Amino acid sequence: MSSALVIIAAVTVFALYLGLRAKRGHDMSLEQWTVGGRSFGTAFVFLLMAGEIYTTFTFLGGSGFAYGKGAPVYYILAYGSLAYILSYWMLPPIWRFAKAQRLISQPHFFSRKYDSPALGVLVALVGVAALIPYLVLQLKGLGIIVATTSYGAISSTSAVWIGAAVVTCYVIVSGVRGSAWNSVVKDTLILAVVLFLGIYLPIHYYGGLGDMFRTIDAAKPGFLTFPAKGSSVAWFQSTVLLTALGFFMWPHTFGSIFTAKDERIFRRNAMVLPLYQLILLFVFFVGFAAVLKVPGLKGGDIDLSLFRLSLQTFDPWFVGVIGGAGVLTALVPGSMILNTASTLLANDVYRGLLKRDATDAAVTKLARMLVPVVALVAVAFTLHGGETIVALLLMGYSFVTQLFPAMVCSLAPHNRATKQGAFCGILAGVAVVAVTTLMHLSMGQLFPFLPDVAKDVNIGFVALALNIIVFVIVSAVTQPRSSGQPQAQTHVH
Amino acid sequence: MFLRFLAALPFIGILLGVPFVNRVEPLVLGMPFVLGWIVLWVILISIIMAVIYRLDPTNRQTAVDTDEARS
């Protein structure tokens with residue numbers, strides 16, 4: 001057994017131990033299991049929210065994006081920071097409502113705000129459709145990381161099975177507490193590894209950061225700025241705005257809002273989280289360092305750039321440390337997604353649609369039974385999904401962004417929007433996303449008469465615009481007075 | 001209102017500013033200029049949010065509430 005394998009195995013076992021131990025001293029009621037009994041302080045909430053930043057997608061994808069596409073990767077740094085500004089005003093009222101109503105999930109929030117279990121079911125289905133590909137991506141990343149850093153000793157398939165088994169175990173036992181505890185280890189390790197790699201590699205290979213970028217600029221002119229067409233400035237602006245709106249709409253991120261013990265935590269975190277984002281810079285630096293040192297990776301292989309460069313630079317034991325950090329970037333977000341997807345299915349689809357009078361205990365039991373089911377579905381997709389999963393993932397972010405208009409309106413003191421409006425708006429937006437993604441449509445193809453600048457605008461805006469239009473019109477015609485519906489239920493508040 | 005204006009600045013700086021700074025030279029702390037511009041705004045966001053946190057009367061209110069709840 002190589003030293004790398006020993007370290008990766010140790011990290012995995014430790015994650016399992018910590019995940020299981022997180023339960024100690026807590027009865028796993030539904031509220032404990034899903035939102036940690038609303039008892040988390042600044043640090044845990046911070047790490048759960050920052051968890052979004054360090055998934056395998058950023059670790060592998062961030063460096064791979066920089067390696068393969070160059071400047072467009074900068075967008076990852078921008079959207080999160082803008083989302084944190086919004087969070088200052090947006091999260092406290094969400095948290096207050098959730099606490100007063102004892103909510104445990106995002107669809108739960110929508111169904112209470114609009115007094116419509118049907119809306120809750122729709123939001124839950126949209127959420128699950130977005131979460132499963134995200135989980136698949138984590139498992140895929142895990143497979144790549146372990147296979148590469150174990151020097152092939154463990155196949156990607158067995159790594160996926162082991163990883164899925166580990167998260168399934170600790171999610172069933174500890175719920176969100178397992179994720180919170182492991183996120184402490186994950187962020188510490190990944191922080192150290194990424195900072196080291198991002199500083200060391202440019203110096204080691206180029207003599208310094210400035211020298212590295214000058215060399216790249218000379219070898220590949222235009223690589224370090226946004227191109228005139230394609231991933232242009234207009235693409236950057238529209239994508240940053242769209243993803244900033246969608247940032248907190250992911251069901252597991254939304255759920256992590258509920259774990260906080262008071263609302264000031266969000267305002268305080270809004271100061272620090274943007275700075276924390278800057279660690280991503282060092283992930284970019286690794287990707288850029290790889291551009292000229294491990295050239296020739298194409299297609300999906302660009303995501304391997306970080307590990308290819310590490311393999312050729314470091315001793316096996318350090319490759320093991322990087323691999324261990326990588327494993328955690330897959331396990332922690334994976335466990336949050338697994339926890340959330342099971343909650344959505346049990347609380348919002350089962351209780352919302354099939355059995356309205358189910359007790360909390362029954363929902364908890366079902367949610368825990370669903371954990372291995374969701375995990376198995378994700379493993380099946382990971383091993384046999386092929387390319388379809390990439391399309392699904394692209395849809396995921398656009399899917400959850402469709403929840404934004406109805407969410408924001410529901411925070412207003414006098415919400416004029418109706419449940420029918422919210423339902424139809426979300427449905428229309430999701431339909432547009434599905435059609436445009438599956439048919440690979442771009443703005444240029446949909447609207448060939450537009451000027452070039454507008455052709456690069458993220459197609460997600462079409463979905464969001466249609467969503468808002470439908471939302472407003474349907475809300476207008478279903479106003480309680482004019483529609484003549486007798487029941488007072490349509491009144492919000 | 002002033003606080004909202006402060007909070008709007010980074011959106012303007014990042015979303016509307018980038019077309020004007022889309023170049024490599026001069027390097028900022030070794031980074032291409034456009035990347036340096038975005039990094040600068042991320043740091044400014046933290047500073048702006050700290051200022052907002054200080055000025056926002058809500059936080060004083062909540063602080064008093066939690067102190068009372070504790071005692």
# chains A, B, ... in the order shown; residues from 1 in each chain; ligands from 1
$ residues_around --residues "B:Leu3" --least-positions-apart "2" --cutoff "10 Å" --atoms "only C-alpha atoms" --output "PyMOL selection string"
chain B and resi 1+5-8+48-49+51-53+55-56
$ interface_residues --of "chain B" --to "chain A" --cutoff "8 Å" --atoms "only C-alpha atoms" --output "NGL selection string"
:B and (7 or 10-11 or 14-16 or 18-19 or 22-24 or 27 or 29-32 or 34-35 or 38-39 or 42-43 or 45-50 or 53 or 59 or 62)
$ residues_around --residues "A:Ser256" --least-positions-apart "2" --cutoff "10 Å" --atoms "only C-alpha atoms" --output "list in words"
Thr34, Val35, Gly36, Arg38, Phe40, Phe44, Val45, Phe46, Leu47, Leu48, Met49, Trp95, Ile104, Ser105, Gln106, Val176, Ala180, Phe248, Trp250, Pro251, His252, Thr253, Phe254, Phe258, Thr259, Ala260, Met336 and Thr340 of chain A
$ atom_distance --atom1 "atom CA of A:Asp303" --atom2 "atom CA of A:Thr243"
21.1 Å
$ select_by_dssp --residues "stretch 394-465 of chain A" --states "helix (DSSP H, G or I)" --output "PyMOL selection string"
chain A and resi 394-401+404-411+419-438+443-446+452-455+460-465
$ write_last_selection --atoms "C-alpha atoms" --output "mmCIF file, in the first residue's frame"
data_model
loop_
_atom_site.group_PDB
_atom_site.id
_atom_site.type_symbol
_atom_site.label_atom_id
_atom_site.label_comp_id
_atom_site.auth_asym_id
_atom_site.auth_seq_id
_atom_site.Cartn_x
_atom_site.Cartn_y
_atom_site.Cartn_z
ATOM 1 C CA LEU A 394 -26.374 22.626 -16.030
ATOM 2 C CA MET A 395 -30.116 22.616 -15.481
ATOM 3 C CA GLY A 396 -29.784 22.345 -11.706
ATOM 4 C CA TYR A 397 -28.594 25.885 -11.087
ATOM 5 C CA SER A 398 -31.116 27.340 -13.493
ATOM 6 C CA PHE A 399 -33.862 25.218 -11.895
ATOM 7 C CA VAL A 400 -33.330 26.525 -8.376
ATOM 8 C CA THR A 401 -32.986 30.119 -9.616
ATOM 9 C CA PHE A 404 -36.195 33.289 -6.477
ATOM 10 C CA PRO A 405 -39.110 35.546 -7.578
ATOM 11 C CA ALA A 406 -41.726 33.707 -5.500
ATOM 12 C CA MET A 407 -39.359 33.625 -2.508
ATOM 13 C CA VAL A 408 -38.572 37.355 -2.610
ATOM 14 C CA CYS A 409 -42.240 38.342 -2.991
ATOM 15 C CA SER A 410 -43.204 36.155 -0.041
ATOM 16 C CA LEU A 411 -40.899 38.221 2.198
ATOM 17 C CA LYS A 419 -50.141 30.612 -4.813
ATOM 18 C CA GLN A 420 -51.415 30.055 -8.342
ATOM 19 C CA GLY A 421 -49.061 32.761 -9.608
ATOM 20 C CA ALA A 422 -46.074 31.251 -7.799
ATOM 21 C CA PHE A 423 -46.944 27.752 -9.010
ATOM 22 C CA CYS A 424 -47.387 28.721 -12.670
ATOM 23 C CA GLY A 425 -44.346 31.022 -12.678
ATOM 24 C CA ILE A 426 -42.023 28.347 -11.322
ATOM 25 C CA LEU A 427 -43.487 25.745 -13.678
ATOM 26 C CA ALA A 428 -43.037 28.033 -16.706
ATOM 27 C CA GLY A 429 -39.450 28.900 -15.741
ATOM 28 C CA VAL A 430 -38.486 25.274 -15.136
ATOM 29 C CA ALA A 431 -40.040 24.220 -18.454
ATOM 30 C CA VAL A 432 -38.042 26.835 -20.368
ATOM 31 C CA VAL A 433 -34.830 25.755 -18.620
ATOM 32 C CA ALA A 434 -35.463 22.097 -19.446
ATOM 33 C CA VAL A 435 -36.246 22.758 -23.112
ATOM 34 C CA THR A 436 -33.350 25.140 -23.737
ATOM 35 C CA THR A 437 -30.807 22.942 -21.923
ATOM 36 C CA LEU A 438 -31.851 19.677 -23.513
ATOM 37 C CA MET A 443 -29.685 33.266 -27.080
ATOM 38 C CA GLY A 444 -28.154 33.577 -30.547
ATOM 39 C CA GLN A 445 -30.174 30.633 -31.861
ATOM 40 C CA LEU A 446 -33.408 31.705 -30.188
ATOM 41 C CA ASP A 452 -23.751 40.133 -30.880
ATOM 42 C CA VAL A 453 -23.450 41.396 -27.322
ATOM 43 C CA ALA A 454 -26.924 40.194 -26.405
ATOM 44 C CA LYS A 455 -26.274 36.773 -27.980
ATOM 45 C CA GLY A 460 -31.238 31.450 -18.031
ATOM 46 C CA PHE A 461 -32.529 35.010 -18.261
ATOM 47 C CA VAL A 462 -35.192 33.949 -20.762
ATOM 48 C CA ALA A 463 -36.499 31.402 -18.259
ATOM 49 C CA LEU A 464 -36.407 33.873 -15.386
ATOM 50 C CA ALA A 465 -38.115 36.594 -17.427
#
$ atom_distance --atom1 "atom CA of A:Trp317" --atom2 "atom CA of A:Ser3"
5.1 Å
$ closest_residue --among "A:Ala22, A:Leu137, A:Leu131, A:Val319" --to "A:Leu331" --atoms "only C-alpha atoms"
A:Leu137
$ atom_distance --atom1 "atom CA of A:Leu328" --atom2 "atom CA of A:Lys186"
5.4 Å
$ residues_around --residues "A:Val349" --least-positions-apart "6" --cutoff "9 Å" --atoms "only C-alpha atoms" --output "VMD selection string"
chain A and resid 120 to 122 124 to 125
$ write_last_selection --atoms "N, CA, C and O atoms" --output "PDB file, in the first residue's frame"
ATOM      1  N   GLY A 120     -45.614  23.398  -2.326  1.00  0.00           N
ATOM      2  CA  GLY A 120     -44.521  22.724  -1.625  1.00  0.00           C
ATOM      3  C   GLY A 120     -44.048  21.490  -2.371  1.00  0.00           C
ATOM      4  O   GLY A 120     -42.847  21.256  -2.505  1.00  0.00           O
ATOM      5  N   VAL A 121     -44.992  20.725  -2.896  1.00  0.00           N
ATOM      6  CA  VAL A 121     -44.631  19.519  -3.647  1.00  0.00           C
ATOM      7  C   VAL A 121     -43.849  19.898  -4.903  1.00  0.00           C
ATOM      8  O   VAL A 121     -42.810  19.296  -5.223  1.00  0.00           O
ATOM      9  N   LEU A 122     -44.317  20.926  -5.611  1.00  0.00           N
ATOM     10  CA  LEU A 122     -43.617  21.361  -6.828  1.00  0.00           C
ATOM     11  C   LEU A 122     -42.187  21.797  -6.500  1.00  0.00           C
ATOM     12  O   LEU A 122     -41.230  21.380  -7.163  1.00  0.00           O
ATOM     13  N   ALA A 124     -40.417  20.946  -3.991  1.00  0.00           N
ATOM     14  CA  ALA A 124     -39.632  19.779  -3.581  1.00  0.00           C
ATOM     15  C   ALA A 124     -39.150  18.995  -4.797  1.00  0.00           C
ATOM     16  O   ALA A 124     -37.992  18.568  -4.856  1.00  0.00           O
ATOM     17  N   LEU A 125     -40.024  18.813  -5.782  1.00  0.00           N
ATOM     18  CA  LEU A 125     -39.632  18.048  -6.970  1.00  0.00           C
ATOM     19  C   LEU A 125     -38.552  18.788  -7.763  1.00  0.00           C
ATOM     20  O   LEU A 125     -37.592  18.183  -8.238  1.00  0.00           O
TER      21      LEU A 125
END
